[in-house]
Structures are given as C-alpha cells and as structure tokens.
>>> print(open('target.txt').read())   # compact mmCIF, C-alpha atoms and all ligand atoms
# COMPACT_ATOMS: atom_id res chain seq x y z
CA MET Y 891 -70.67 -64.17 -148.08
CA PRO Y 892 -68.59 -61.67 -150.04
CA GLY Y 893 -65.57 -60.46 -148.05
CA PRO Y 894 -64.60 -56.87 -147.44
CA LEU Y 895 -63.98 -54.74 -150.52
CA ARG Y 896 -60.81 -52.66 -150.55
CA THR Y 897 -60.79 -49.91 -153.13
CA ASP Y 898 -59.69 -46.40 -153.95
CA GLY Y 899 -62.50 -43.96 -154.50
CA ILE Y 900 -63.39 -40.33 -155.10
CA VAL Y 901 -66.29 -38.89 -153.13
CA LEU Y 902 -68.78 -37.56 -155.68
CA ARG Y 903 -71.54 -36.72 -153.21
CA SER Y 904 -71.97 -36.92 -149.48
CA ILE Y 905 -75.56 -36.80 -148.26
CA ARG Y 906 -76.72 -36.39 -144.67
CA TYR Y 907 -78.74 -39.37 -143.61
CA GLY Y 908 -80.64 -40.06 -140.40
CA GLU Y 909 -79.27 -38.78 -137.11
CA ALA Y 910 -75.56 -38.96 -137.72
CA ASP Y 911 -74.85 -40.96 -140.87
CA ARG Y 912 -73.79 -40.11 -144.38
CA ILE Y 913 -74.67 -41.76 -147.66
CA LEU Y 914 -71.76 -41.52 -150.09
CA HIS Y 915 -71.63 -41.75 -153.84
CA LEU Y 916 -68.14 -42.84 -154.77
CA TYR Y 917 -66.38 -43.34 -158.07
CA THR Y 918 -63.93 -46.23 -158.04
CA PRO Y 919 -61.41 -47.53 -160.60
CA ASP Y 920 -62.67 -51.10 -160.79
CA HIS Y 921 -66.26 -50.99 -159.52
CA GLY Y 922 -67.58 -47.85 -161.22
CA ARG Y 923 -70.02 -45.80 -159.19
CA ILE Y 924 -70.95 -47.24 -155.83
CA SER Y 925 -73.04 -46.08 -152.88
CA ALA Y 926 -72.09 -46.67 -149.29
CA ILE Y 927 -73.24 -45.64 -145.84
CA ALA Y 928 -70.81 -44.24 -143.28
CA LYS Y 929 -72.47 -44.77 -139.92
CA GLY Y 930 -71.90 -42.09 -137.32
CA ALA Y 931 -69.85 -40.02 -139.80
CA ARG Y 932 -71.45 -36.78 -138.59
CA ARG Y 933 -70.67 -37.29 -134.92
CA ALA Y 934 -68.01 -34.93 -133.52
CA ARG Y 935 -65.69 -37.79 -132.63
CA SER Y 936 -66.30 -39.90 -135.71
CA ARG Y 937 -63.35 -42.06 -136.64
CA PHE Y 938 -63.93 -41.00 -140.26
CA GLY Y 939 -63.05 -37.38 -139.47
CA ALA Y 940 -63.63 -35.03 -142.42
CA ARG Y 941 -62.43 -37.55 -144.99
CA LEU Y 942 -65.84 -38.22 -146.47
CA GLU Y 943 -66.48 -34.78 -147.94
CA PRO Y 944 -66.91 -34.36 -151.72
CA PHE Y 945 -63.73 -34.31 -153.85
CA PHE Y 946 -61.65 -36.33 -151.39
CA GLY Y 947 -59.61 -39.11 -152.92
CA VAL Y 948 -59.70 -41.95 -150.40
CA SER Y 949 -58.70 -45.53 -149.83
CA LEU Y 950 -61.61 -47.47 -148.36
CA VAL Y 951 -62.60 -50.74 -146.83
CA LEU Y 952 -66.27 -51.53 -147.43
CA HIS Y 953 -68.47 -54.23 -146.02
CA GLN Y 954 -70.87 -55.72 -148.49
CA GLY Y 955 -74.08 -56.66 -146.74
CA ARG Y 956 -77.29 -58.04 -148.14
CA SER Y 957 -78.50 -54.70 -149.48
CA ASP Y 958 -77.05 -52.74 -152.43
CA LEU Y 959 -75.71 -50.20 -149.99
CA MET Y 960 -72.24 -51.06 -148.72
CA THR Y 961 -71.01 -49.96 -145.30
CA VAL Y 962 -67.78 -48.03 -144.88
CA THR Y 963 -65.58 -49.66 -142.26
CA SER Y 964 -62.41 -47.60 -142.70
CA VAL Y 965 -61.14 -44.64 -144.72
CA ASP Y 966 -57.70 -43.18 -145.40
CA THR Y 967 -57.05 -39.99 -147.27
CA VAL Y 968 -55.16 -40.33 -150.55
CA SER Y 969 -55.62 -36.71 -151.64
CA ALA Y 970 -57.71 -34.10 -149.84
CA ASN Y 971 -57.66 -31.69 -152.81
CA GLY Y 972 -57.89 -28.94 -150.18
CA GLY Y 973 -56.81 -26.16 -152.54
CA LEU Y 974 -59.97 -26.38 -154.59
CA ARG Y 975 -62.10 -25.52 -151.53
CA GLU Y 976 -60.50 -22.08 -151.29
CA HIS Y 977 -62.15 -20.58 -154.37
CA ALA Y 978 -65.76 -20.50 -155.55
CA ALA Y 979 -64.68 -21.10 -159.17
CA THR Y 980 -62.70 -24.26 -158.43
CA LEU Y 981 -65.40 -25.61 -156.09
CA ASP Y 982 -67.97 -25.08 -158.79
CA ALA Y 983 -65.78 -26.66 -161.49
CA ALA Y 984 -65.10 -29.67 -159.23
CA ALA Y 985 -68.82 -30.10 -158.50
CA ARG Y 986 -69.64 -30.03 -162.22
CA ALA Y 987 -66.86 -32.51 -163.00
CA CYS Y 988 -68.16 -34.96 -160.36
CA ASP Y 989 -71.73 -34.46 -161.53
CA ALA Y 990 -70.79 -35.20 -165.16
CA VAL Y 991 -69.02 -38.42 -164.10
CA ALA Y 992 -72.01 -39.45 -161.96
CA ARG Y 993 -74.42 -38.93 -164.85
CA LEU Y 994 -72.38 -40.51 -167.63
CA PHE Y 995 -71.01 -43.40 -165.59
CA GLU Y 996 -73.75 -44.42 -163.17
CA THR Y 997 -73.25 -48.18 -163.23
CA ALA Y 998 -70.75 -50.60 -161.70
CA ASP Y 999 -68.98 -51.08 -165.06
CA PRO Y 1000 -65.26 -50.53 -164.49
CA HIS Y 1001 -63.75 -47.48 -166.19
CA PRO Y 1002 -60.35 -47.00 -164.54
CA GLU Y 1003 -59.50 -44.30 -167.10
CA VAL Y 1004 -62.49 -42.24 -165.89
CA PHE Y 1005 -61.29 -42.57 -162.30
CA ALA Y 1006 -57.80 -41.42 -163.37
CA LEU Y 1007 -59.25 -38.54 -165.39
CA LEU Y 1008 -61.38 -37.30 -162.47
CA ALA Y 1009 -58.49 -37.63 -160.01
CA ASN Y 1010 -56.33 -35.62 -162.42
CA GLU Y 1011 -58.99 -32.94 -162.88
CA LEU Y 1012 -59.50 -32.48 -159.13
CA ALA Y 1013 -55.72 -32.32 -158.58
CA LEU Y 1014 -55.39 -29.65 -161.30
CA LEU Y 1015 -58.21 -27.57 -159.80
CA SER Y 1016 -56.68 -27.92 -156.36
CA ALA Y 1017 -53.19 -26.96 -157.54
CA ASP Y 1018 -54.10 -23.73 -159.35
CA PRO Y 1019 -57.41 -21.83 -159.56
CA ALA Y 1020 -56.41 -20.67 -163.05
CA ASN Y 1021 -57.19 -24.21 -164.21
CA ALA Y 1022 -60.91 -23.60 -163.60
CA HIS Y 1023 -61.38 -22.08 -167.06
CA ALA Y 1024 -64.16 -23.04 -169.41
CA GLY Y 1025 -61.79 -24.76 -171.85
CA ASN Y 1026 -60.64 -27.11 -169.10
CA GLY Y 1027 -64.22 -28.02 -168.14
CA LEU Y 1028 -65.17 -28.70 -171.76
CA ALA Y 1029 -62.00 -30.71 -172.44
CA PHE Y 1030 -62.81 -32.83 -169.37
CA ARG Y 1031 -66.29 -33.57 -170.71
CA LEU Y 1032 -64.94 -34.44 -174.15
CA LYS Y 1033 -62.58 -36.94 -172.58
CA LEU Y 1034 -65.53 -38.43 -170.69
CA LEU Y 1035 -67.36 -38.89 -174.00
CA LEU Y 1036 -64.27 -40.64 -175.33
CA ALA Y 1037 -64.23 -42.99 -172.31
CA ALA Y 1038 -67.95 -43.63 -172.76
CA GLY Y 1039 -67.33 -44.67 -176.37
CA ILE Y 1040 -69.40 -41.84 -177.83
CA VAL Y 1041 -66.74 -39.30 -178.81
CA PRO Y 1042 -67.96 -37.18 -181.76
CA GLN Y 1043 -66.61 -38.02 -185.19
CA LEU Y 1044 -64.40 -35.13 -186.29
CA ALA Y 1045 -62.26 -36.36 -189.19
CA ALA Y 1046 -65.02 -36.59 -191.79
CA CYS Y 1047 -68.73 -35.90 -192.22
CA ALA Y 1048 -70.61 -38.20 -189.81
CA VAL Y 1049 -73.34 -38.71 -192.42
CA CYS Y 1050 -71.62 -39.16 -195.80
CA GLY Y 1051 -67.89 -39.42 -195.01
CA GLU Y 1052 -66.93 -36.29 -196.96
CA GLY Y 1053 -63.63 -34.89 -195.63
CA GLN Y 1054 -64.03 -31.29 -196.81
CA HIS Y 1055 -66.39 -28.39 -196.05
CA LEU Y 1056 -67.19 -29.61 -192.55
CA SER Y 1057 -69.32 -26.69 -191.43
CA GLY Y 1058 -71.86 -28.09 -188.98
CA PHE Y 1059 -72.31 -30.43 -186.04
CA SER Y 1060 -75.11 -32.91 -185.49
CA GLY Y 1061 -75.51 -34.74 -182.20
CA ALA Y 1062 -77.92 -37.16 -183.85
CA ALA Y 1063 -75.43 -37.97 -186.63
CA GLY Y 1064 -72.62 -38.26 -184.07
CA GLY Y 1065 -70.18 -35.60 -185.19
CA VAL Y 1066 -69.28 -32.93 -187.71
CA VAL Y 1067 -71.26 -32.78 -190.95
CA CYS Y 1068 -70.58 -31.28 -194.37
CA GLY Y 1069 -72.57 -28.58 -196.15
CA SER Y 1070 -74.71 -31.14 -198.00
CA CYS Y 1071 -75.71 -32.97 -194.79
CA GLU Y 1072 -76.50 -29.97 -192.62
CA ALA Y 1073 -80.19 -30.72 -192.07
CA GLY Y 1074 -80.74 -30.81 -188.30
CA ALA Y 1075 -77.20 -29.62 -187.59
CA PHE Y 1076 -75.99 -26.35 -186.11
CA MET Y 1077 -73.14 -24.24 -187.46
CA LEU Y 1078 -69.71 -25.03 -186.09
CA ASP Y 1079 -67.04 -22.33 -186.47
CA GLU Y 1080 -63.48 -23.20 -187.44
CA GLU Y 1081 -62.35 -22.16 -183.92
CA ALA Y 1082 -64.81 -24.55 -182.27
CA TYR Y 1083 -63.68 -27.36 -184.56
CA ARG Y 1084 -60.04 -26.68 -183.69
CA PHE Y 1085 -60.95 -26.76 -180.00
CA LEU Y 1086 -62.61 -30.18 -180.29
CA VAL Y 1087 -59.62 -31.66 -182.08
CA GLY Y 1088 -57.08 -29.89 -179.84
CA ALA Y 1089 -58.76 -30.79 -176.55
CA LEU Y 1090 -58.92 -34.48 -177.45
CA GLY Y 1091 -55.26 -34.48 -178.47
CA ALA Y 1092 -53.94 -32.61 -175.44
CA SER Y 1093 -53.62 -33.56 -171.79
CA LEU Y 1094 -56.10 -31.93 -169.41
CA ALA Y 1095 -53.38 -29.67 -168.04
CA GLN Y 1096 -52.80 -28.38 -171.59
CA ALA Y 1097 -56.51 -27.97 -172.38
CA PRO Y 1098 -57.02 -25.16 -174.90
CA ASP Y 1099 -59.20 -22.15 -174.17
CA GLY Y 1100 -61.18 -20.17 -176.71
CA GLY Y 1101 -63.60 -17.37 -177.43
CA GLY Y 1102 -67.09 -17.40 -175.95
CA ARG Y 1103 -68.87 -18.10 -179.23
CA ALA Y 1104 -66.64 -21.06 -180.11
CA LEU Y 1105 -66.85 -22.52 -176.60
CA ARG Y 1106 -70.65 -22.27 -176.59
CA GLN Y 1107 -70.68 -24.26 -179.84
CA VAL Y 1108 -68.34 -26.82 -178.27
CA GLU Y 1109 -70.61 -27.14 -175.24
CA ARG Y 1110 -73.63 -27.62 -177.49
CA ALA Y 1111 -71.78 -30.34 -179.44
CA ILE Y 1112 -70.91 -32.14 -176.19
CA SER Y 1113 -74.40 -31.78 -174.69
CA GLU Y 1114 -76.19 -32.98 -177.83
CA THR Y 1115 -73.82 -35.94 -178.14
CA ALA Y 1116 -74.47 -36.98 -174.51
CA GLU Y 1117 -78.23 -36.61 -174.98
CA HIS Y 1118 -78.44 -38.52 -178.26
CA HIS Y 1119 -76.01 -41.31 -177.53
CA ALA Y 1120 -76.06 -41.76 -173.74
CA HIS Y 1121 -79.49 -40.27 -172.95
CA VAL Y 1122 -77.82 -38.07 -170.36
CA ARG Y 1123 -78.42 -34.37 -169.77
CA LEU Y 1124 -75.29 -32.68 -168.50
CA ARG Y 1125 -75.54 -29.61 -166.28
CA PRO Y 1126 -74.80 -26.44 -168.28
CA LEU Y 1127 -71.20 -25.29 -167.99
CA LEU Y 1128 -71.26 -21.89 -169.68
CA ALA Y 1129 -73.71 -19.05 -169.19
CA ALA Y 1130 -75.98 -18.92 -172.25
ZN ZN Y 1201 -71.92 -35.07 -195.56
>>> encode(input="target.txt", output="structure tokens")
Amino acid sequence: MPGPLRTDGIVLRSIRYGEADRILHLYTPDHGRISAIAKGARRARSRFGARLEPFFGVSLVLHQGRSDLMTVTSVDTVSANGGLREHAATLDAAARACDAVARLFETADPHPEVFALLANELALLSADPANAHAGNGLAFRLKLLLAAGIVPQLAACAVCGEGQHLSGFSGAAGGVVCGSCEAGAFMLDEEAYRFLVGALGASLAQAPDGGGRALRQVERAISETAEHHAHVRLRPLLAA
C-alpha cells in the first residue's frame, strides 16, 4: 500500500461533485497534474474551509487509494493569492494561466519549473492588477513552451538555418523562417520578433508589452507552436 503523499500544489480547478464534495485538479512540483477528491468540502463546517478554491497555493496530504483519484486528508494554505480575486482582469488572467498549464502539462511527469512559474504568475497577478497585461500573459505562455521543450527557434531560420531576413513564422517548421522558406508561414513584424526574444530573456515581472498587431502575431506564433508540437489548443488570450 502506498503511504500518504505530502505535496505542495496549486488548485487549477475545483469542481462540485455529489452532495458536498469537490473534485480538484492540482498542479504539483514533483507529481505534475493530479486529481483528488475533497470529501465534504462544501459543507458549512468543512475542515477544509475555503482553501480549495482555484488559484490557492496549498500544502496537502493525500491518501492514495485503489483508484486514480486521491483523497485529500488535510490542507494548509501557502498563498491565498487573494488580491487577484478583486479584479475581473486578474481573475481572468489567472484562469487562463491555470488552463494553459492544465492543457500543456496534463500528465504526472514532474516539471517543478512549471509549478514555480505558475506560483510566480499568480503572485504577480495578486500583487498588482497592472500585471494582467497581454504581454505578461503571452510571456507566461512562451515560458511554458520552453518548459515543454517546444520553444520556437528564433536565432535562425527554422527550415534552412539562414540567420538573416527572418521575416515569417511557421508553427510547423518550429520557429522563425527566412524569406526563401516562407511557404506556409505568416508574416512576423520586427516588433513581434523582439517581443519573443525579450520575453524569453526577461523574468515574468519584467515581461515586455507591445502594440496590438505585434502581440497578435506573437499569440499566433505561440498557438501554432502548441498545436503543431504538443497537439494542444490554447484558449485565445487576445481579442481577434
Ligand atoms: Zn530559410
């Protein structure tokens, strides 16, 4: 019999289940994405209190039964991230961040850097609503692609290796492409290119922002990369 599992986790989703229970999707540093049931969590006097709402960073003890679904036996709050619940923009950004993690990292493979990145993003959104800008959301997704091992190639043409005249982006090719290899690519402005390079080089707190046209190109580059190389459709971030 496996013993109890002690782990940190971030609540990605919290789903009502049965009369009084909740099913949780959690992202953990060493066990990837896990699902667990919190029995009686919706009762007024539940010992879990409100600690099992989305975006909470928690420390958990889980009981591993015979099914895939673990059972929560105790929960402590590590970070409530309460500030992000005060604004629609930060709530929305936090929901999209958790959704992107859930879609790109849906297995039990350990990615402690993804856990740290998500914890950092939620803390930033909670600390200051100004952090809920489009550049931050796109930089977060780019860093997820990096963690997933599918970050777009930016230094040279992804098809022929040419280092100059990089004018397009191709999700299928896996990065920027030169003028001679543009078939199937879309045009990438200089500003969008600078954003991709800058966002990968900067911390999340220093994520660049940019004009609408450039950011839409960046989003398209990220979405096509996720679709081609991880077979994942990310929820749209920017209005078309
Ligand atoms: Zn080329």
>>> residues_around(input="target.txt", residues="region 1080-1084 of chain Y", least_positions_apart="5", cutoff="12 Å", atoms="only C-alpha atoms", output="mmCIF file with C-alpha atoms, in the frame of the given file")
data_model
loop_
_atom_site.group_PDB
_atom_site.id
_atom_site.type_symbol
_atom_site.label_atom_id
_atom_site.label_comp_id
_atom_site.auth_asym_id
_atom_site.auth_seq_id
_atom_site.Cartn_x
_atom_site.Cartn_y
_atom_site.Cartn_z
ATOM 1 C CA GLY Y 1025 -61.790 -24.760 -171.850
ATOM 2 C CA LEU Y 1028 -65.170 -28.700 -171.760
ATOM 3 C CA ALA Y 1029 -62.000 -30.710 -172.440
ATOM 4 C CA PRO Y 1042 -67.960 -37.180 -181.760
ATOM 5 C CA GLN Y 1043 -66.610 -38.020 -185.190
ATOM 6 C CA LEU Y 1044 -64.400 -35.130 -186.290
ATOM 7 C CA ALA Y 1045 -62.260 -36.360 -189.190
ATOM 8 C CA ALA Y 1046 -65.020 -36.590 -191.790
ATOM 9 C CA HIS Y 1055 -66.390 -28.390 -196.050
ATOM 10 C CA LEU Y 1056 -67.190 -29.610 -192.550
ATOM 11 C CA SER Y 1057 -69.320 -26.690 -191.430
ATOM 12 C CA GLY Y 1058 -71.860 -28.090 -188.980
ATOM 13 C CA PHE Y 1059 -72.310 -30.430 -186.040
ATOM 14 C CA GLY Y 1065 -70.180 -35.600 -185.190
ATOM 15 C CA VAL Y 1066 -69.280 -32.930 -187.710
ATOM 16 C CA VAL Y 1067 -71.260 -32.780 -190.950
ATOM 17 C CA ALA Y 1089 -58.760 -30.790 -176.550
ATOM 18 C CA LEU Y 1090 -58.920 -34.480 -177.450
ATOM 19 C CA GLY Y 1091 -55.260 -34.480 -178.470
ATOM 20 C CA ALA Y 1092 -53.940 -32.610 -175.440
ATOM 21 C CA ALA Y 1097 -56.510 -27.970 -172.380
ATOM 22 C CA PRO Y 1098 -57.020 -25.160 -174.900
ATOM 23 C CA ASP Y 1099 -59.200 -22.150 -174.170
ATOM 24 C CA GLY Y 1100 -61.180 -20.170 -176.710
ATOM 25 C CA GLY Y 1101 -63.600 -17.370 -177.430
ATOM 26 C CA GLY Y 1102 -67.090 -17.400 -175.950
ATOM 27 C CA ARG Y 1103 -68.870 -18.100 -179.230
ATOM 28 C CA ALA Y 1104 -66.640 -21.060 -180.110
ATOM 29 C CA LEU Y 1105 -66.850 -22.520 -176.600
ATOM 30 C CA ARG Y 1106 -70.650 -22.270 -176.590
ATOM 31 C CA GLN Y 1107 -70.680 -24.260 -179.840
ATOM 32 C CA VAL Y 1108 -68.340 -26.820 -178.270
ATOM 33 C CA GLU Y 1109 -70.610 -27.140 -175.240
ATOM 34 C CA ARG Y 1110 -73.630 -27.620 -177.490
ATOM 35 C CA ALA Y 1111 -71.780 -30.340 -179.440
ATOM 36 C CA ILE Y 1112 -70.910 -32.140 -176.190
#
>>> atom_distance(input="target.txt", atom1="CA of His915 (chain Y)", atom2="CA of Ala1020 (chain Y)")
27.6 Å
>>> residues_near_ligand(input="target.txt", ligand="ligand ZN 1201 (chain Y)", cutoff="6 Å", atoms="only C-alpha atoms and all ligand atoms", output="PyMOL selection string")
chain Y and resi 1047+1049-1052+1067-1068+1070-1071
>>> closest_residue(input="target.txt", among="Y:Gly1053, Y:Gly1027, Y:Gly899, Y:Pro1019", to="Val951 (chain Y)", atoms="all atoms listed in the file")
Y:Gly899
>>> atom_distance(input="target.txt", atom1="CA of Leu950 (chain Y)", atom2="CA of Phe938 (chain Y)")
10.6 Å
>>> atom_distance(input="target.txt", atom1="CA of Ala1022 (chain Y)", atom2="CA of Val1004 (chain Y)")
18.8 Å
>>> residues_around(input="target.txt", residues="Asn1021 (chain Y)", least_positions_apart="5", cutoff="12 Å", atoms="only C-alpha atoms", output="PyMOL selection string")
chain Y and resi 973-974+977+979-981+983-984+1010-1016+1026-1030+1094-1099
>>> closest_residue(input="target.txt", among="Y:Asp966, Y:Glu976, Y:Asp920, Y:Asp1079", to="Thr997 (chain Y)", atoms="only C-alpha atoms")
Y:Asp920
>>> residues_around(input="target.txt", residues="Leu902 (chain Y)", least_positions_apart="2", cutoff="9 Å", atoms="all atoms listed in the file", output="PyMOL selection string")
chain Y and resi 900+904+914-917+943-946+985+988-989+991-992
>>> residues_around(input="target.txt", residues="Ser936 (chain Y)", least_positions_apart="3", cutoff="12 Å", atoms="all atoms listed in the file", output="mmCIF file with C-alpha atoms, keeping the file's coordinate frame")
data_model
loop_
_atom_site.group_PDB
_atom_site.id
_atom_site.type_symbol
_atom_site.label_atom_id
_atom_site.label_comp_id
_atom_site.auth_asym_id
_atom_site.auth_seq_id
_atom_site.Cartn_x
_atom_site.Cartn_y
_atom_site.Cartn_z
ATOM 1 C CA ALA Y 910 -75.560 -38.960 -137.720
ATOM 2 C CA ASP Y 911 -74.850 -40.960 -140.870
ATOM 3 C CA ARG Y 912 -73.790 -40.110 -144.380
ATOM 4 C CA ALA Y 928 -70.810 -44.240 -143.280
ATOM 5 C CA LYS Y 929 -72.470 -44.770 -139.920
ATOM 6 C CA GLY Y 930 -71.900 -42.090 -137.320
ATOM 7 C CA ALA Y 931 -69.850 -40.020 -139.800
ATOM 8 C CA ARG Y 932 -71.450 -36.780 -138.590
ATOM 9 C CA ARG Y 933 -70.670 -37.290 -134.920
ATOM 10 C CA GLY Y 939 -63.050 -37.380 -139.470
ATOM 11 C CA ALA Y 940 -63.630 -35.030 -142.420
ATOM 12 C CA ARG Y 941 -62.430 -37.550 -144.990
ATOM 13 C CA LEU Y 942 -65.840 -38.220 -146.470
ATOM 14 C CA THR Y 963 -65.580 -49.660 -142.260
ATOM 15 C CA SER Y 964 -62.410 -47.600 -142.700
ATOM 16 C CA VAL Y 965 -61.140 -44.640 -144.720
#
>>> closest_residue(input="target.txt", among="Y:Leu1035, Y:Ile924, Y:Ala1063, Y:Ala1006", to="Val901 (chain Y)", atoms="only C-alpha atoms")
Y:Ile924
>>> closest_residue(input="target.txt", among="Y:Leu994, Y:Asp1018, Y:Ala1075, Y:Leu1007", to="Val1122 (chain Y)", atoms="all atoms listed in the file")
Y:Leu994
>>> closest_residue(input="target.txt", among="Y:Glu1072, Y:Ser1093, Y:His1001, Y:Ala990", to="Ala1116 (chain Y)", atoms="all atoms listed in the file")
Y:Ala990
>>> residues_around(input="target.txt", residues="Val968 (chain Y)", least_positions_apart="4", cutoff="9 Å", atoms="all atoms listed in the file", output="VMD selection string")
chain Y and resid 898 946 to 949
>>> axis_aligned_box(input="target.txt", around="region 1001-1016 of chain Y", padding_each_side="6 Å", output="JSON")
{"center_x": -59.6, "center_y": -37.5, "center_z": -161.7, "size_x": 20.4, "size_y": 31.9, "size_z": 22.7}
>>> closest_residue(input="target.txt", among="Y:Pro919, Y:Gly1074, Y:Gly972, Y:Gly1069", to="Glu1003 (chain Y)", atoms="all atoms listed in the file")
Y:Pro919
>>> build_atoms(input="target.txt", residues="region 946-955 of chain Y", atoms="all heavy atoms", output="PDB file, keeping the file's coordinate frame")
ATOM      1  N   PHE Y 946     -62.747 -35.606-152.012  1.00  0.00           N
ATOM      2  CA  PHE Y 946     -61.650 -36.330-151.390  1.00  0.00           C
ATOM      3  C   PHE Y 946     -61.337 -37.584-152.209  1.00  0.00           C
ATOM      4  O   PHE Y 946     -62.242 -38.300-152.636  1.00  0.00           O
ATOM      5  CB  PHE Y 946     -62.012 -36.774-149.967  1.00  0.00           C
ATOM      6  CG  PHE Y 946     -61.556 -35.824-148.897  1.00  0.00           C
ATOM      7  CD1 PHE Y 946     -62.187 -34.609-148.739  1.00  0.00           C
ATOM      8  CD2 PHE Y 946     -60.498 -36.159-148.071  1.00  0.00           C
ATOM      9  CE1 PHE Y 946     -61.765 -33.720-147.754  1.00  0.00           C
ATOM     10  CE2 PHE Y 946     -60.071 -35.281-147.077  1.00  0.00           C
ATOM     11  CZ  PHE Y 946     -60.700 -34.054-146.919  1.00  0.00           C
ATOM     12  N   GLY Y 947     -60.045 -37.821-152.423  1.00  0.00           N
ATOM     13  CA  GLY Y 947     -59.610 -39.110-152.920  1.00  0.00           C
ATOM     14  C   GLY Y 947     -59.261 -39.957-151.718  1.00  0.00           C
ATOM     15  O   GLY Y 947     -58.486 -39.533-150.855  1.00  0.00           O
ATOM     16  N   VAL Y 948     -59.869 -41.142-151.602  1.00  0.00           N
ATOM     17  CA  VAL Y 948     -59.700 -41.950-150.400  1.00  0.00           C
ATOM     18  C   VAL Y 948     -59.403 -43.405-150.752  1.00  0.00           C
ATOM     19  O   VAL Y 948     -59.618 -43.855-151.870  1.00  0.00           O
ATOM     20  CB  VAL Y 948     -60.981 -41.902-149.511  1.00  0.00           C
ATOM     21  CG1 VAL Y 948     -61.165 -40.530-148.892  1.00  0.00           C
ATOM     22  CG2 VAL Y 948     -62.213 -42.301-150.306  1.00  0.00           C
ATOM     23  N   SER Y 949     -58.881 -44.089-149.753  1.00  0.00           N
ATOM     24  CA  SER Y 949     -58.700 -45.530-149.830  1.00  0.00           C
ATOM     25  C   SER Y 949     -59.643 -46.127-148.791  1.00  0.00           C
ATOM     26  O   SER Y 949     -59.593 -45.742-147.623  1.00  0.00           O
ATOM     27  CB  SER Y 949     -57.233 -45.853-149.527  1.00  0.00           C
ATOM     28  OG  SER Y 949     -57.088 -47.216-149.285  1.00  0.00           O
ATOM     29  N   LEU Y 950     -60.512 -47.034-149.216  1.00  0.00           N
ATOM     30  CA  LEU Y 950     -61.610 -47.470-148.360  1.00  0.00           C
ATOM     31  C   LEU Y 950     -61.609 -48.977-148.125  1.00  0.00           C
ATOM     32  O   LEU Y 950     -61.161 -49.736-148.984  1.00  0.00           O
ATOM     33  CB  LEU Y 950     -62.953 -47.209-149.050  1.00  0.00           C
ATOM     34  CG  LEU Y 950     -63.340 -45.812-149.441  1.00  0.00           C
ATOM     35  CD1 LEU Y 950     -64.043 -45.849-150.772  1.00  0.00           C
ATOM     36  CD2 LEU Y 950     -64.238 -45.228-148.382  1.00  0.00           C
ATOM     37  N   VAL Y 951     -62.172 -49.358-147.003  1.00  0.00           N
ATOM     38  CA  VAL Y 951     -62.600 -50.740-146.830  1.00  0.00           C
ATOM     39  C   VAL Y 951     -64.108 -50.715-146.644  1.00  0.00           C
ATOM     40  O   VAL Y 951     -64.626 -49.950-145.825  1.00  0.00           O
ATOM     41  CB  VAL Y 951     -61.916 -51.411-145.614  1.00  0.00           C
ATOM     42  CG1 VAL Y 951     -62.397 -52.859-145.492  1.00  0.00           C
ATOM     43  CG2 VAL Y 951     -60.404 -51.350-145.749  1.00  0.00           C
ATOM     44  N   LEU Y 952     -64.809 -51.514-147.442  1.00  0.00           N
ATOM     45  CA  LEU Y 952     -66.270 -51.530-147.430  1.00  0.00           C
ATOM     46  C   LEU Y 952     -66.761 -52.925-147.102  1.00  0.00           C
ATOM     47  O   LEU Y 952     -66.180 -53.918-147.533  1.00  0.00           O
ATOM     48  CB  LEU Y 952     -66.809 -51.129-148.815  1.00  0.00           C
ATOM     49  CG  LEU Y 952     -66.417 -49.733-149.301  1.00  0.00           C
ATOM     50  CD1 LEU Y 952     -66.514 -49.665-150.820  1.00  0.00           C
ATOM     51  CD2 LEU Y 952     -67.293 -48.689-148.673  1.00  0.00           C
ATOM     52  N   HIS Y 953     -67.831 -52.957-146.338  1.00  0.00           N
ATOM     53  CA  HIS Y 953     -68.470 -54.230-146.020  1.00  0.00           C
ATOM     54  C   HIS Y 953     -69.705 -54.367-146.899  1.00  0.00           C
ATOM     55  O   HIS Y 953     -70.526 -53.460-146.969  1.00  0.00           O
ATOM     56  CB  HIS Y 953     -68.853 -54.272-144.541  1.00  0.00           C
ATOM     57  CG  HIS Y 953     -69.673 -55.461-144.190  1.00  0.00           C
ATOM     58  ND1 HIS Y 953     -69.133 -56.724-144.118  1.00  0.00           N
ATOM     59  CD2 HIS Y 953     -70.992 -55.584-143.911  1.00  0.00           C
ATOM     60  CE1 HIS Y 953     -70.100 -57.585-143.799  1.00  0.00           C
ATOM     61  NE2 HIS Y 953     -71.238 -56.922-143.679  1.00  0.00           N
ATOM     62  N   GLN Y 954     -69.767 -55.490-147.581  1.00  0.00           N
ATOM     63  CA  GLN Y 954     -70.870 -55.720-148.490  1.00  0.00           C
ATOM     64  C   GLN Y 954     -71.929 -56.559-147.800  1.00  0.00           C
ATOM     65  O   GLN Y 954     -71.730 -57.753-147.581  1.00  0.00           O
ATOM     66  CB  GLN Y 954     -70.331 -56.471-149.717  1.00  0.00           C
ATOM     67  CG  GLN Y 954     -70.944 -56.035-151.000  1.00  0.00           C
ATOM     68  CD  GLN Y 954     -70.058 -56.399-152.173  1.00  0.00           C
ATOM     69  OE1 GLN Y 954     -68.936 -56.870-152.001  1.00  0.00           O
ATOM     70  NE2 GLN Y 954     -70.567 -56.192-153.371  1.00  0.00           N
ATOM     71  N   GLY Y 955     -73.018 -55.942-147.427  1.00  0.00           N
ATOM     72  CA  GLY Y 955     -74.080 -56.660-146.740  1.00  0.00           C
ATOM     73  C   GLY Y 955     -75.066 -57.263-147.730  1.00  0.00           C
ATOM     74  O   GLY Y 955     -74.736 -57.491-148.874  1.00  0.00           O
TER      75      GLY Y 955
END
